[in-house]
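Notes for the one structure printed next.
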Number of protein chains: 2
Amino acid sequence: MKLTILGCYAATPRTLTNPTSQLLEIKNRLFLIDCGEGTQVQLRKNKIKFSKINQVFISHLHGDHFYGLIGLISTFSLLNRNNDLHIYGPKGIREIIMLQLRLSNSWPNFGLHFHELTSNQSELVYEDEKVMVKTIPLKHRVYTNGFLFQEKIDKRKLNVEAVQKYQIEKCYYQNIKNGKDILLDDGTLVNNAELTFDPESPRSYAFCSDTAYNEAIIPIIEKADVLYHESTFLKSEENLAAKTMHCTAIEAATIADKAQVKKLILGHYSTRYDTINRFKEEAETVFPNVLLADDGISFDL
Amino acid sequence: MKLTILGCYAATPRTLTNPTSQLLEIKNRLFLIDCGEGTQVQLRKNKIKFSKINQVFISHLHGDHFYGLIGLISTFSLLNRNNDLHIYGPKGIREIIMLQLRLSNSWPNFGLHFHELTSNQSELVYEDEKVMVKTIPLKHRVYTNGFLFQEKIDKRKLNVEAVQKYQIEKCYYQNIKNGKDILLDDGTLVNNAELTFDPESPRSYAFCSDTAYNEAIIPIIEKADVLYHESTFLKSEENLAAKTMHCTAIEAATIADKAQVKKLILGHYSTRYDTINRFKEEAETVFPNVLLADDGISFDL
């Protein structure tokens, strides 16, 4: 699981900082999370292959989280993309994109599927053989969701030495990986546990931005391997955080602590601060394992 | 008159090139012409004062000419802009912007005025004490206008030595600048030409992008001081130019030559070319005074 931060600053794009966008690589899938203005250039700078992005998740319809989407779709179209693109986001995202495509008279030559979200309950919005994505309802000035990306439990791993010892034929390997016991020709029943190892435990990544302090998300993100939680402000601006429905670094860390996640990544920093190190310092007073997002850096998780 | 090229490449923003946007400074006014994705960052890089931009002219609703507008408006709003913003562009631009402001529940705290264009004839769309702006109807795949920016003729300049020689009182200076002759106390009539110098001749800038080769624009842009004309392709791609309703460098130069403009600036280069020097070489076979636009450069005109 690899997370590339394309942009992690609040409000407005600037010369050296970009609004929110992240690329999550999980089980060989590339999920784009939010798409602020300039995301397509950030993808190019990070040498991401455009054609591998098939799902885009948009948290909410504030500009710093989706103004880059129409440009990305247009560029996909100009590059003669073939594969379908799925967009998950608040109701309204379809109308915004379709209006602009209609007025520019430029329809993509690939399938464009909108999955508009309206629920205030966590729901499963994406599932394939290896990965599931659920919404994390957040509290912000407009309808907002975070997203929980979860690997599914892999099949069991074959214990090659054991199957050779019992001279089990290859045609049974799939059954063994699926957890079946094996009856040998001499009538012995070999327990599956003897023939396999446990699979790697599935990992999970929770993306939560933008949001006021909200303990209601704790049951959804509980024990996630990695939590990205917005921390727009430092404690000195906690009133402003409350007023604008954002969090301080300490509030983000409190959520991380209560949800017993393994790692916390901070981001969505207000551009008022000259340095982001103080976000880590403040958060670590509450939760020990804090990382700082920054534009263009990747985390191998 | 100063022209800053914020972006002058066709189609998609890339790591080192930007889609169309220009800033024209004329008679101490700042006019933004087109606003591709990333324009607000380009404005910052070029240290342009956001609050001085009060008029934005959008040529057409292809993404590389306007996807940066909603982000710019949002940023103006976040920066607590006060003065009104006027947007001139094809019908539809209002719906696109207003839909996004409505869905993000973030209304600007300044006046936002849309002047939607539908005419296929050149029309006067902006006028103040010193400057006029007219549309230049272009031929493209969607409804498109170029824009002609013209200084008005200044008042005549006072010949200070002459007015002192005749001991004319200051209260008459305004009349003299307005072209009036002066009757002295002794009954002598002093001709205005003796008391004034000619004003600087008014300058004009014609912006023409995107367009197929179109001689119909020649009467509108005739004798302009500077013509920016798109040259998306070189001669080797003239079929592609015709098909996509763009121009080659030679076609742009032919328009410049026939319209007897003083200078031609080329731009809107397709990103397929490694170097833009060949655009100048090809254009100069037809018209002598060719400049190449490039992102981040300014022309003092």
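FYI, nothing fancy with the structure tokens labels: chains A, B, ... in order, residues from 1 per chain, ligands from 1 as they appear.
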
Chain A contacts to chain B at 10 Å (only C-alpha atoms) as a ChimeraX atom specification:
/A:11-18,36-46,60-64,66-72,74-76,78-79,90-93,95-97,99-106,141-143

Give one line per residue of segment 224-256 of chain B that approaches segment 269-287 of chain B to at most 9 Å, naming the two atoms of the closest pair and their distance in Å to one decimal, counting only C-alpha atoms; sort by chain then ascending residue number and deliver it as a tab-separated table.
```
residue	atom	partner	partner_atom	distance
B:Glu230	CA	B:Tyr269	CA	7.5
B:Ser231	CA	B:Tyr269	CA	6.1
B:Thr232	CA	B:Tyr269	CA	4.3
B:Phe233	CA	B:Ser270	CA	6.2
B:Leu234	CA	B:Phe279	CA	6.4
B:Lys235	CA	B:Glu282	CA	7.8
B:Thr248	CA	B:Phe279	CA	8.3
B:Ala249	CA	B:Ala283	CA	5.1
B:Ile250	CA	B:Ala283	CA	4.7
B:Glu251	CA	B:Ala283	CA	7.9
B:Ala252	CA	B:Ala283	CA	7.3
B:Ala253	CA	B:Ala283	CA	5.2
B:Thr254	CA	B:Val286	CA	6.3
B:Ala256	CA	B:Phe287	CA	7.0
```

Item to complete: Find the residues around Ala206 of chain A up to 12 Å (only C-alpha atoms counted), leave out those fewer than 3 positions away in its own chain, and share them as number ranges by chain.
Response: A: 3, 24, 33, 132-137, 145-151, 203, 209, 217-230, 255-256, 259, 261-266

- Query: Which residues, written as a VMD selection string, have at least one atom at most 6 Å from Thr211 of chain A, with only C-alpha atoms counted and residues fewer than 4 positions away on the same chain left out?
  - Reply: chain A and resid 138 to 140 245 to 246

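Going from atom CA of Ala293 of chain A to atom CA of Leu32 of chain A covers 15.9 Å.
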
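You will find atom CA of Leu292 of chain A at 10.3 Å from atom CA of Ile5 of chain A.
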
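The space between atom CA of Arg29 of chain A and atom CA of Lys177 of chain A spans 22.8 Å.
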
task: Please report, as a PyMOL selection string, each residue of segment 125-178 of chain B to which DSSP assigns alpha helix (DSSP H) when run on this structure's backbone.
output: chain B and resi 160-165+173-177

Residue neighbourhood Phe31 of chain A, 9 Å, only C-alpha atoms, exclusion window fewer than 4 positions, as number ranges by chain:
A: 22-26, 52-57

Export of prior selection with C-alpha atoms as a PDB file, in the first residue's frame:
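Output contents, as saved in result-v4.pdb:
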```
ATOM      1  CA  GLN A  22      -3.848  11.938  -3.062  1.00  0.00           C
ATOM      2  CA  LEU A  23      -3.157   8.772  -4.948  1.00  0.00           C
ATOM      3  CA  LEU A  24      -3.574   5.491  -3.086  1.00  0.00           C
ATOM      4  CA  GLU A  25      -1.992   2.384  -4.570  1.00  0.00           C
ATOM      5  CA  ILE A  26      -3.539  -0.682  -2.988  1.00  0.00           C
ATOM      6  CA  LYS A  52      -4.224   3.278 -14.472  1.00  0.00           C
ATOM      7  CA  ILE A  53      -6.606   5.600 -12.608  1.00  0.00           C
ATOM      8  CA  ASN A  54     -10.121   4.205 -12.947  1.00  0.00           C
ATOM      9  CA  GLN A  55     -11.741   5.453  -9.734  1.00  0.00           C
ATOM     10  CA  VAL A  56     -11.861   8.967  -8.351  1.00  0.00           C
ATOM     11  CA  PHE A  57     -13.290   9.693  -4.899  1.00  0.00           C
TER      12      PHE A  57
END
```
